[in-house]
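Undergrad: Input file: input-v7.cif. Contents: mmCIF, N, CA and C atoms.
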data_target
#
loop_
_atom_site.label_atom_id
_atom_site.label_comp_id
_atom_site.auth_asym_id
_atom_site.auth_seq_id
_atom_site.Cartn_x
_atom_site.Cartn_y
_atom_site.Cartn_z
N MET A 1 35.64 11.89 -2.35
CA MET A 1 36.45 10.86 -1.76
C MET A 1 35.57 9.64 -1.48
N TYR A 2 36.04 8.49 -1.85
CA TYR A 2 35.31 7.26 -1.60
C TYR A 2 36.09 6.43 -0.59
N CYS A 3 35.37 5.83 0.36
CA CYS A 3 35.99 5.09 1.45
C CYS A 3 35.57 3.63 1.40
N GLN A 4 36.39 2.77 1.94
CA GLN A 4 36.05 1.37 2.10
C GLN A 4 35.18 1.23 3.35
N ILE A 5 34.13 0.43 3.26
CA ILE A 5 33.21 0.34 4.39
C ILE A 5 33.85 -0.27 5.63
N ASP A 6 34.90 -1.05 5.46
CA ASP A 6 35.54 -1.66 6.64
C ASP A 6 36.28 -0.63 7.49
N GLN A 7 36.33 0.63 7.06
CA GLN A 7 36.92 1.70 7.85
C GLN A 7 35.98 2.16 8.96
N PHE A 8 34.72 1.74 8.89
CA PHE A 8 33.71 2.24 9.81
C PHE A 8 33.00 1.08 10.50
N ASP A 9 33.08 1.04 11.83
CA ASP A 9 32.47 -0.04 12.60
C ASP A 9 30.96 -0.10 12.44
N PHE A 10 30.30 1.04 12.25
CA PHE A 10 28.84 1.05 12.20
C PHE A 10 28.28 0.30 11.00
N THR A 11 29.07 0.10 9.95
CA THR A 11 28.53 -0.56 8.76
C THR A 11 28.14 -2.00 9.07
N ASP A 12 28.92 -2.69 9.89
CA ASP A 12 28.56 -4.06 10.28
C ASP A 12 27.27 -4.07 11.09
N GLU A 13 27.13 -3.09 11.98
CA GLU A 13 25.92 -2.99 12.80
C GLU A 13 24.68 -2.80 11.93
N LEU A 14 24.77 -1.90 10.96
CA LEU A 14 23.63 -1.67 10.07
C LEU A 14 23.34 -2.91 9.22
N ALA A 15 24.38 -3.48 8.65
CA ALA A 15 24.19 -4.64 7.79
C ALA A 15 23.62 -5.82 8.56
N SER A 16 24.00 -5.97 9.82
CA SER A 16 23.49 -7.11 10.59
C SER A 16 22.00 -6.96 10.93
N HIS A 17 21.46 -5.76 10.81
CA HIS A 17 20.05 -5.51 11.11
C HIS A 17 19.22 -5.24 9.86
N TRP A 18 19.75 -5.59 8.69
CA TRP A 18 19.05 -5.25 7.45
C TRP A 18 17.65 -5.87 7.39
N LEU A 19 17.47 -7.05 7.96
CA LEU A 19 16.17 -7.71 7.89
C LEU A 19 15.12 -6.96 8.72
N ILE A 20 15.50 -6.46 9.88
CA ILE A 20 14.58 -5.66 10.69
C ILE A 20 14.17 -4.40 9.93
N ILE A 21 15.16 -3.75 9.32
CA ILE A 21 14.90 -2.54 8.55
C ILE A 21 13.97 -2.85 7.38
N LYS A 22 14.23 -3.95 6.69
CA LYS A 22 13.39 -4.35 5.56
C LYS A 22 11.96 -4.63 6.00
N GLU A 23 11.79 -5.33 7.13
CA GLU A 23 10.45 -5.66 7.62
C GLU A 23 9.67 -4.39 7.95
N GLU A 24 10.32 -3.42 8.57
CA GLU A 24 9.61 -2.18 8.88
C GLU A 24 9.23 -1.43 7.60
N LEU A 25 10.09 -1.44 6.61
CA LEU A 25 9.77 -0.79 5.35
C LEU A 25 8.60 -1.50 4.66
N GLU A 26 8.58 -2.83 4.71
CA GLU A 26 7.46 -3.58 4.13
C GLU A 26 6.16 -3.30 4.87
N GLN A 27 6.20 -3.17 6.19
CA GLN A 27 5.01 -2.84 6.98
C GLN A 27 4.50 -1.45 6.61
N PHE A 28 5.41 -0.52 6.43
CA PHE A 28 5.05 0.84 6.02
C PHE A 28 4.33 0.81 4.68
N SER A 29 4.88 0.07 3.74
CA SER A 29 4.30 -0.03 2.40
C SER A 29 2.95 -0.73 2.44
N ALA A 30 2.82 -1.75 3.28
CA ALA A 30 1.57 -2.51 3.39
C ALA A 30 0.44 -1.64 3.93
N LYS A 31 0.78 -0.60 4.68
CA LYS A 31 -0.23 0.31 5.21
C LYS A 31 -0.65 1.36 4.18
N GLY A 32 -0.10 1.25 2.97
CA GLY A 32 -0.46 2.20 1.92
C GLY A 32 0.14 3.57 2.11
N ARG A 33 1.29 3.65 2.77
CA ARG A 33 1.89 4.94 3.07
C ARG A 33 3.01 5.31 2.10
N GLU A 34 3.07 4.65 0.94
CA GLU A 34 4.13 4.94 -0.01
C GLU A 34 4.11 6.40 -0.47
N GLY A 35 2.98 7.07 -0.26
CA GLY A 35 2.88 8.47 -0.64
C GLY A 35 3.88 9.36 0.07
N GLY A 36 4.49 8.86 1.14
CA GLY A 36 5.52 9.63 1.83
C GLY A 36 6.79 9.75 1.01
N PHE A 37 6.96 8.87 0.03
CA PHE A 37 8.14 8.93 -0.85
C PHE A 37 7.94 10.05 -1.86
N LYS A 38 8.97 10.84 -2.06
CA LYS A 38 8.93 11.95 -3.01
C LYS A 38 10.12 11.84 -3.96
N ASN A 39 10.00 12.48 -5.11
CA ASN A 39 11.09 12.46 -6.09
C ASN A 39 12.35 13.09 -5.50
N TYR A 40 13.48 12.43 -5.74
CA TYR A 40 14.76 13.00 -5.35
C TYR A 40 15.05 14.14 -6.32
N PRO A 41 15.43 15.31 -5.83
CA PRO A 41 15.62 16.46 -6.73
C PRO A 41 16.51 16.13 -7.93
N GLY A 42 15.99 16.44 -9.12
CA GLY A 42 16.75 16.27 -10.34
C GLY A 42 16.73 14.87 -10.92
N HIS A 43 15.91 13.98 -10.36
CA HIS A 43 15.92 12.59 -10.82
C HIS A 43 14.54 12.07 -11.21
N SER A 44 13.59 12.97 -11.47
CA SER A 44 12.28 12.56 -11.95
C SER A 44 11.69 11.51 -11.03
N MET A 45 11.01 10.54 -11.63
CA MET A 45 10.38 9.47 -10.85
C MET A 45 11.31 8.27 -10.69
N ASP A 46 12.54 8.37 -11.18
CA ASP A 46 13.46 7.23 -11.14
C ASP A 46 14.02 6.98 -9.76
N TRP A 47 14.06 8.01 -8.93
CA TRP A 47 14.66 7.89 -7.60
C TRP A 47 13.78 8.65 -6.63
N GLN A 48 13.17 7.92 -5.71
CA GLN A 48 12.31 8.54 -4.72
C GLN A 48 12.88 8.28 -3.33
N THR A 49 12.65 9.23 -2.42
CA THR A 49 13.19 9.11 -1.07
C THR A 49 12.12 9.36 -0.02
N LEU A 50 12.39 8.83 1.16
CA LEU A 50 11.56 9.05 2.33
C LEU A 50 12.50 9.29 3.51
N PRO A 51 12.50 10.49 4.08
CA PRO A 51 13.35 10.72 5.25
C PRO A 51 12.85 9.90 6.42
N VAL A 52 13.78 9.27 7.13
CA VAL A 52 13.37 8.38 8.22
C VAL A 52 14.03 8.75 9.54
N TYR A 53 15.10 9.52 9.52
CA TYR A 53 15.82 9.79 10.76
C TYR A 53 16.54 11.12 10.67
N ALA A 54 16.48 11.88 11.74
CA ALA A 54 17.32 13.08 11.91
C ALA A 54 17.79 13.08 13.36
N ALA A 55 19.08 13.24 13.54
CA ALA A 55 19.67 13.18 14.89
C ALA A 55 19.21 14.34 15.76
N THR A 56 19.07 15.52 15.16
CA THR A 56 18.67 16.71 15.90
C THR A 56 17.73 17.54 15.02
N THR A 57 17.08 18.50 15.62
CA THR A 57 16.24 19.38 14.82
C THR A 57 17.09 20.22 13.87
N GLU A 58 18.35 20.49 14.24
CA GLU A 58 19.24 21.22 13.35
C GLU A 58 19.52 20.40 12.09
N ALA A 59 19.55 19.08 12.22
CA ALA A 59 19.81 18.21 11.07
C ALA A 59 18.63 18.19 10.12
N ILE A 60 17.45 18.54 10.61
CA ILE A 60 16.27 18.50 9.77
C ILE A 60 16.27 19.61 8.74
N GLY A 61 16.57 20.82 9.12
CA GLY A 61 16.61 21.90 8.13
C GLY A 61 15.22 22.44 7.81
N ALA A 62 15.03 22.91 6.55
CA ALA A 62 13.78 23.59 6.24
C ALA A 62 13.25 23.35 4.84
N GLY A 63 13.41 22.20 4.25
CA GLY A 63 12.89 21.93 2.91
C GLY A 63 11.65 21.07 2.95
N ASP A 64 11.08 20.76 1.76
CA ASP A 64 9.89 19.92 1.66
C ASP A 64 10.13 18.56 2.29
N SER A 65 11.24 17.91 1.94
CA SER A 65 11.51 16.59 2.49
C SER A 65 11.70 16.67 3.99
N ASP A 66 12.25 17.77 4.46
CA ASP A 66 12.47 17.93 5.89
C ASP A 66 11.15 18.07 6.63
N GLU A 67 10.18 18.75 6.04
CA GLU A 67 8.86 18.87 6.67
C GLU A 67 8.20 17.50 6.78
N ARG A 68 8.42 16.63 5.79
CA ARG A 68 7.86 15.28 5.87
C ARG A 68 8.43 14.57 7.10
N LEU A 69 9.71 14.75 7.38
CA LEU A 69 10.31 14.10 8.54
C LEU A 69 9.73 14.65 9.83
N ARG A 70 9.52 15.95 9.90
CA ARG A 70 8.93 16.54 11.11
C ARG A 70 7.57 15.90 11.40
N ILE A 71 6.76 15.74 10.36
CA ILE A 71 5.43 15.16 10.53
C ILE A 71 5.52 13.68 10.89
N LEU A 72 6.30 12.93 10.12
CA LEU A 72 6.38 11.49 10.34
C LEU A 72 7.08 11.14 11.64
N ALA A 73 8.01 11.96 12.08
CA ALA A 73 8.76 11.67 13.30
C ALA A 73 7.88 11.72 14.54
N ARG A 74 6.73 12.36 14.44
CA ARG A 74 5.81 12.41 15.58
C ARG A 74 5.05 11.10 15.77
N ASP A 75 5.09 10.22 14.78
CA ASP A 75 4.37 8.95 14.80
C ASP A 75 5.24 7.90 15.49
N PRO A 76 4.84 7.40 16.67
CA PRO A 76 5.67 6.42 17.37
C PRO A 76 5.81 5.10 16.61
N ASP A 77 4.93 4.84 15.66
CA ASP A 77 5.01 3.62 14.86
C ASP A 77 5.83 3.81 13.59
N PHE A 78 6.43 4.98 13.41
CA PHE A 78 7.19 5.29 12.20
C PHE A 78 8.61 4.74 12.35
N PHE A 79 8.83 3.52 11.89
CA PHE A 79 10.14 2.87 11.88
C PHE A 79 10.85 2.92 13.23
N PRO A 80 10.20 2.48 14.31
CA PRO A 80 10.84 2.61 15.63
C PRO A 80 12.14 1.81 15.76
N GLN A 81 12.17 0.60 15.24
CA GLN A 81 13.38 -0.21 15.36
C GLN A 81 14.50 0.33 14.46
N THR A 82 14.12 0.74 13.26
CA THR A 82 15.11 1.30 12.33
C THR A 82 15.72 2.55 12.93
N ARG A 83 14.90 3.42 13.49
CA ARG A 83 15.41 4.65 14.08
C ARG A 83 16.29 4.35 15.29
N ALA A 84 15.97 3.32 16.06
CA ALA A 84 16.82 2.95 17.20
C ALA A 84 18.17 2.44 16.72
N ILE A 85 18.17 1.68 15.65
CA ILE A 85 19.43 1.18 15.06
C ILE A 85 20.26 2.35 14.54
N LEU A 86 19.62 3.26 13.83
CA LEU A 86 20.32 4.42 13.27
C LEU A 86 20.89 5.32 14.37
N ALA A 87 20.19 5.42 15.48
CA ALA A 87 20.64 6.28 16.58
C ALA A 87 21.99 5.81 17.15
N LYS A 88 22.36 4.57 16.92
CA LYS A 88 23.63 4.04 17.41
C LYS A 88 24.82 4.40 16.52
N VAL A 89 24.55 4.95 15.33
CA VAL A 89 25.62 5.29 14.40
C VAL A 89 26.29 6.58 14.89
N PRO A 90 27.58 6.53 15.19
CA PRO A 90 28.25 7.72 15.70
C PRO A 90 28.22 8.87 14.68
N GLY A 91 27.77 10.03 15.14
CA GLY A 91 27.80 11.22 14.31
C GLY A 91 26.74 11.29 13.22
N ILE A 92 25.77 10.38 13.22
CA ILE A 92 24.74 10.40 12.17
C ILE A 92 23.97 11.71 12.23
N CYS A 93 23.67 12.25 11.07
CA CYS A 93 22.86 13.47 10.97
C CYS A 93 21.48 13.17 10.45
N PHE A 94 21.41 12.37 9.38
CA PHE A 94 20.18 12.24 8.63
C PHE A 94 20.18 10.91 7.91
N ALA A 95 19.02 10.29 7.75
CA ALA A 95 18.93 9.03 6.99
C ALA A 95 17.63 9.01 6.19
N VAL A 96 17.68 8.44 5.00
CA VAL A 96 16.51 8.33 4.15
C VAL A 96 16.44 6.92 3.55
N PHE A 97 15.22 6.51 3.22
CA PHE A 97 15.03 5.34 2.38
C PHE A 97 14.97 5.83 0.94
N SER A 98 15.51 5.05 0.03
CA SER A 98 15.42 5.37 -1.40
C SER A 98 14.78 4.21 -2.13
N ILE A 99 13.97 4.53 -3.12
CA ILE A 99 13.44 3.53 -4.04
C ILE A 99 13.91 3.93 -5.43
N LEU A 100 14.57 3.00 -6.09
CA LEU A 100 15.05 3.24 -7.44
C LEU A 100 14.19 2.43 -8.40
N LYS A 101 13.81 3.03 -9.49
CA LYS A 101 13.06 2.31 -10.52
C LYS A 101 13.97 1.28 -11.18
N PRO A 102 13.38 0.19 -11.69
CA PRO A 102 14.20 -0.85 -12.35
C PRO A 102 15.11 -0.26 -13.42
N GLY A 103 16.37 -0.69 -13.39
CA GLY A 103 17.34 -0.24 -14.37
C GLY A 103 18.02 1.08 -14.04
N TYR A 104 17.53 1.78 -13.00
CA TYR A 104 18.14 3.06 -12.63
C TYR A 104 19.37 2.79 -11.76
N HIS A 105 20.40 3.56 -11.96
CA HIS A 105 21.64 3.41 -11.19
C HIS A 105 21.98 4.74 -10.54
N ILE A 106 22.48 4.67 -9.32
CA ILE A 106 22.98 5.87 -8.66
C ILE A 106 24.38 6.11 -9.17
N LYS A 107 24.58 7.25 -9.78
CA LYS A 107 25.90 7.60 -10.28
C LYS A 107 26.79 8.04 -9.11
N PRO A 108 28.09 7.86 -9.25
CA PRO A 108 28.98 8.36 -8.18
C PRO A 108 28.67 9.84 -7.89
N HIS A 109 28.55 10.14 -6.64
CA HIS A 109 28.21 11.50 -6.24
C HIS A 109 28.77 11.77 -4.85
N ARG A 110 28.72 13.01 -4.47
CA ARG A 110 29.13 13.38 -3.12
C ARG A 110 28.16 14.41 -2.59
N ASP A 111 28.12 14.51 -1.30
CA ASP A 111 27.26 15.48 -0.66
C ASP A 111 27.83 16.88 -0.88
N PRO A 112 26.97 17.88 -0.96
CA PRO A 112 27.49 19.24 -1.10
C PRO A 112 28.32 19.67 0.11
N PHE A 113 28.14 18.96 1.21
CA PHE A 113 28.90 19.27 2.42
C PHE A 113 29.99 18.21 2.57
N PRO A 114 31.27 18.57 2.36
CA PRO A 114 32.33 17.57 2.34
C PRO A 114 32.54 16.84 3.66
N GLU A 115 32.04 17.38 4.75
CA GLU A 115 32.23 16.70 6.04
C GLU A 115 31.23 15.56 6.25
N LEU A 116 30.27 15.40 5.34
CA LEU A 116 29.28 14.33 5.48
C LEU A 116 29.67 13.10 4.67
N LEU A 117 29.43 11.95 5.23
CA LEU A 117 29.70 10.68 4.58
C LEU A 117 28.37 10.06 4.18
N ARG A 118 28.28 9.58 2.95
CA ARG A 118 27.07 8.88 2.49
C ARG A 118 27.34 7.39 2.53
N PHE A 119 26.34 6.66 2.99
CA PHE A 119 26.43 5.21 3.07
C PHE A 119 25.15 4.65 2.49
N HIS A 120 25.26 3.74 1.53
CA HIS A 120 24.09 3.11 0.92
C HIS A 120 24.06 1.65 1.32
N LEU A 121 22.93 1.20 1.88
CA LEU A 121 22.74 -0.19 2.28
C LEU A 121 21.57 -0.75 1.49
N GLY A 122 21.84 -1.71 0.61
CA GLY A 122 20.76 -2.32 -0.17
C GLY A 122 19.88 -3.17 0.71
N ILE A 123 18.58 -2.91 0.71
CA ILE A 123 17.62 -3.65 1.54
C ILE A 123 16.86 -4.67 0.71
N SER A 124 16.42 -4.28 -0.44
CA SER A 124 15.67 -5.17 -1.32
C SER A 124 16.16 -4.95 -2.74
N ILE A 125 16.92 -5.90 -3.24
CA ILE A 125 17.53 -5.77 -4.57
C ILE A 125 17.07 -6.94 -5.42
N PRO A 126 16.24 -6.67 -6.44
CA PRO A 126 15.75 -7.77 -7.27
C PRO A 126 16.87 -8.38 -8.10
N GLU A 127 16.69 -9.65 -8.42
CA GLU A 127 17.65 -10.34 -9.29
C GLU A 127 17.55 -9.77 -10.70
N PRO A 128 18.68 -9.67 -11.40
CA PRO A 128 18.62 -9.21 -12.80
C PRO A 128 17.81 -10.18 -13.65
N GLU A 129 17.17 -9.61 -14.66
CA GLU A 129 16.35 -10.48 -15.55
C GLU A 129 17.23 -11.18 -16.56
#
In structure tokens, what does this structure look like?

TA:
Amino acid sequence: MYCQIDQFDFTDELASHWLIIKEELEQFSAKGREGGFKNYPGHSMDWQTLPVYAATTEAIGAGDSDERLRILARDPDFFPQTRAILAKVPGICFAVFSILKPGYHIKPHRDPFPELLRFHLGISIPEPE
């Protein structure tokens, strides 16, 4: 099922803070910490993710990407403003940053858990050549 973003009040809140989120991501990258990004399962090097937020320890789970969040979440400098913004989203479970290689597209998909809603917010989108 696909929904219109205007059905959810939190989308405006996230979109209005995109620059803060982008600045924290750029600071993270400038510190040479891109190694925290890992391949998204089944997508080779075309789609990499970095977990940035989990509402509860139950939301974290027990996989490789989840262990990265446990480690990174202990760092008070790990996206503090982004995590504060995300914490305001009602019912949020988990959030990740994604990096897509040039020309890669996310195909329509759904979460294996039908009660979860996926929301994608473009932070840095290069102009087409």

Undergrad: Rounded to one decimal in Å, what is the spacing between CA of Lys101 (chain A) and atom N of Ser124 (chain A)?

TA: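 Straight-line distance from CA of Lys101 (chain A) to atom N of Ser124 (chain A) works out to 12.5 Å.
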
Undergrad: Can you pull out the residues contacting Tyr104 (chain A)? Cut-off 8 Å, using only N, CA and C atoms, and skip same-chain residues under 3 positions away; I want them as an NGL selection string.

TA: :A and (46-47 or 100-101 or 107)

Undergrad: Based on the selection just made, write N, CA and C atoms of those residues as a PDB file, keeping the file's coordinate frame.

TA:
ATOM      1  N   ASP A  46      12.540   8.370 -11.180  1.00  0.00           N
ATOM      2  CA  ASP A  46      13.460   7.230 -11.140  1.00  0.00           C
ATOM      3  C   ASP A  46      14.020   6.980  -9.760  1.00  0.00           C
ATOM      4  N   TRP A  47      14.060   8.010  -8.930  1.00  0.00           N
ATOM      5  CA  TRP A  47      14.660   7.890  -7.600  1.00  0.00           C
ATOM      6  C   TRP A  47      13.780   8.650  -6.630  1.00  0.00           C
ATOM      7  N   LEU A 100      14.570   3.000  -6.090  1.00  0.00           N
ATOM      8  CA  LEU A 100      15.050   3.240  -7.440  1.00  0.00           C
ATOM      9  C   LEU A 100      14.190   2.430  -8.400  1.00  0.00           C
ATOM     10  N   LYS A 101      13.810   3.030  -9.490  1.00  0.00           N
ATOM     11  CA  LYS A 101      13.060   2.310 -10.520  1.00  0.00           C
ATOM     12  C   LYS A 101      13.970   1.280 -11.180  1.00  0.00           C
ATOM     13  N   LYS A 107      24.580   7.250  -9.780  1.00  0.00           N
ATOM     14  CA  LYS A 107      25.900   7.600 -10.280  1.00  0.00           C
ATOM     15  C   LYS A 107      26.790   8.040  -9.110  1.00  0.00           C
TER      16      LYS A 107
END

Undergrad: Can you tell me, as a list of chain:residue names, what residues are no more than 7 Å from Lys22 (chain A) when counting only C-alpha atoms, ignoring any on the same chain fewer than 4 positions away?

TA: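 So the residues in contact are A:Trp18, A:Glu26, A:Ile123.
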
Undergrad: If we count all atoms listed in the file and set the cut-off at 8 Å, which residues sit around Leu86 (chain A), ignoring sequence neighbours fewer than 6 positions away in its own chain? Please answer as a list in words.

TA: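 In the requested format, the answer is Leu14, Tyr53, Ala55, Pro80, Ile92 and Ala95 of chain A.
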
Undergrad: Rounded to one decimal in Å, what is the spacing between CA of Gln81 (chain A) and CA of Gln7 (chain A)?

TA: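 Those two atoms sit 24.8 Å apart.
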
Undergrad: With distances taken over only N, CA and C atoms, which of A:Ile5, A:Glu127, A:His105, A:Phe79 is nearest to Leu25 (chain A)?

TA: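 Looking at the shortest contact to Leu25 (chain A), the residue is A:Phe79.
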
Undergrad: Give me, please, the distance in Å between atom C of Phe10 (chain A) and CA of Val89 (chain A), quoted to one decimal.

TA: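 If I compute the distance from atom C of Phe10 (chain A) to CA of Val89 (chain A), I get 6.6 Å.
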
Undergrad: Assuming 5 Å of padding per side, give the centre and edge lengths of the axis-aligned box around every listed atom of region 79-84 of chain A, in Å to one decimal and as JSON.

TA:
{"center_x": 13.5, "center_y": 2.2, "center_z": 14.5, "size_x": 19.3, "size_y": 14.9, "size_z": 15.3}

Undergrad: Report the residues retrieved by the PyMOL selection byres ((chain A and resi 49) around 5) from the displayed file, expressed as a ChimeraX atom specification.

TA: /A:37-40,47-48,50-51,97-99

Undergrad: Quick one: write out the picked residues with N, CA and C atoms as a CSV table (one decimal), in the coordinates of the input?

TA:
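For reference, again29.csv as written:
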chain,number,residue,atom,x,y,z
A,37,PHE,N,7.0,8.9,0.0
A,37,PHE,CA,8.1,8.9,-0.8
A,37,PHE,C,7.9,10.0,-1.9
A,38,LYS,N,9.0,10.8,-2.1
A,38,LYS,CA,8.9,12.0,-3.0
A,38,LYS,C,10.1,11.8,-4.0
A,39,ASN,N,10.0,12.5,-5.1
A,39,ASN,CA,11.1,12.5,-6.1
A,39,ASN,C,12.4,13.1,-5.5
A,40,TYR,N,13.5,12.4,-5.7
A,40,TYR,CA,14.8,13.0,-5.4
A,40,TYR,C,15.0,14.1,-6.3
A,47,TRP,N,14.1,8.0,-8.9
A,47,TRP,CA,14.7,7.9,-7.6
A,47,TRP,C,13.8,8.6,-6.6
A,48,GLN,N,13.2,7.9,-5.7
A,48,GLN,CA,12.3,8.5,-4.7
A,48,GLN,C,12.9,8.3,-3.3
A,50,LEU,N,12.4,8.8,1.2
A,50,LEU,CA,11.6,9.0,2.3
A,50,LEU,C,12.5,9.3,3.5
A,51,PRO,N,12.5,10.5,4.1
A,51,PRO,CA,13.4,10.7,5.2
A,51,PRO,C,12.8,9.9,6.4
A,97,PHE,N,15.2,6.5,3.2
A,97,PHE,CA,15.0,5.3,2.4
A,97,PHE,C,15.0,5.8,0.9
A,98,SER,N,15.5,5.0,0.0
A,98,SER,CA,15.4,5.4,-1.4
A,98,SER,C,14.8,4.2,-2.1
A,99,ILE,N,14.0,4.5,-3.1
A,99,ILE,CA,13.4,3.5,-4.0
A,99,ILE,C,13.9,3.9,-5.4

Undergrad: Kindly add N, CA, C and O atoms to the incomplete region 94-111 of chain A and provide the output as a tab-separated table (two decimals), in the coordinates of the input.

TA:
chain	number	residue	atom	x	y	z
A	94	PHE	N	21.41	12.37	9.38
A	94	PHE	CA	20.18	12.24	8.63
A	94	PHE	C	20.18	10.91	7.91
A	94	PHE	O	21.24	10.43	7.51
A	95	ALA	N	19.02	10.29	7.75
A	95	ALA	CA	18.93	9.03	6.99
A	95	ALA	C	17.63	9.01	6.19
A	95	ALA	O	16.60	9.52	6.66
A	96	VAL	N	17.68	8.44	5.00
A	96	VAL	CA	16.51	8.33	4.15
A	96	VAL	C	16.44	6.92	3.55
A	96	VAL	O	17.46	6.25	3.41
A	97	PHE	N	15.22	6.51	3.22
A	97	PHE	CA	15.03	5.34	2.38
A	97	PHE	C	14.97	5.83	0.94
A	97	PHE	O	14.42	6.90	0.67
A	98	SER	N	15.51	5.05	0.03
A	98	SER	CA	15.42	5.37	-1.40
A	98	SER	C	14.78	4.21	-2.13
A	98	SER	O	15.02	3.05	-1.79
A	99	ILE	N	13.97	4.53	-3.12
A	99	ILE	CA	13.44	3.53	-4.04
A	99	ILE	C	13.91	3.93	-5.43
A	99	ILE	O	13.68	5.06	-5.87
A	100	LEU	N	14.57	3.00	-6.09
A	100	LEU	CA	15.05	3.24	-7.44
A	100	LEU	C	14.19	2.43	-8.40
A	100	LEU	O	13.88	1.27	-8.14
A	101	LYS	N	13.81	3.03	-9.49
A	101	LYS	CA	13.06	2.31	-10.52
A	101	LYS	C	13.97	1.28	-11.18
A	101	LYS	O	15.19	1.44	-11.21
A	102	PRO	N	13.38	0.19	-11.69
A	102	PRO	CA	14.20	-0.85	-12.35
A	102	PRO	C	15.11	-0.26	-13.42
A	102	PRO	O	14.70	0.58	-14.21
A	103	GLY	N	16.37	-0.69	-13.39
A	103	GLY	CA	17.34	-0.24	-14.37
A	103	GLY	C	18.02	1.08	-14.04
A	103	GLY	O	18.97	1.47	-14.69
A	104	TYR	N	17.53	1.78	-13.00
A	104	TYR	CA	18.14	3.06	-12.63
A	104	TYR	C	19.37	2.79	-11.76
A	104	TYR	O	19.38	1.89	-10.93
A	105	HIS	N	20.40	3.56	-11.96
A	105	HIS	CA	21.64	3.41	-11.19
A	105	HIS	C	21.98	4.74	-10.54
A	105	HIS	O	21.81	5.80	-11.15
A	106	ILE	N	22.48	4.67	-9.32
A	106	ILE	CA	22.98	5.87	-8.66
A	106	ILE	C	24.38	6.11	-9.17
A	106	ILE	O	25.26	5.25	-9.03
A	107	LYS	N	24.58	7.25	-9.78
A	107	LYS	CA	25.90	7.60	-10.28
A	107	LYS	C	26.79	8.04	-9.11
A	107	LYS	O	26.29	8.52	-8.10
A	108	PRO	N	28.09	7.86	-9.25
A	108	PRO	CA	28.98	8.36	-8.18
A	108	PRO	C	28.67	9.84	-7.89
A	108	PRO	O	28.49	10.64	-8.82
A	109	HIS	N	28.55	10.14	-6.64
A	109	HIS	CA	28.21	11.50	-6.24
A	109	HIS	C	28.77	11.77	-4.85
A	109	HIS	O	29.22	10.87	-4.17
A	110	ARG	N	28.72	13.01	-4.47
A	110	ARG	CA	29.13	13.38	-3.12
A	110	ARG	C	28.16	14.41	-2.59
A	110	ARG	O	27.48	15.09	-3.35
A	111	ASP	N	28.12	14.51	-1.30
A	111	ASP	CA	27.26	15.48	-0.66
A	111	ASP	C	27.83	16.88	-0.88
A	111	ASP	O	29.04	17.05	-0.99
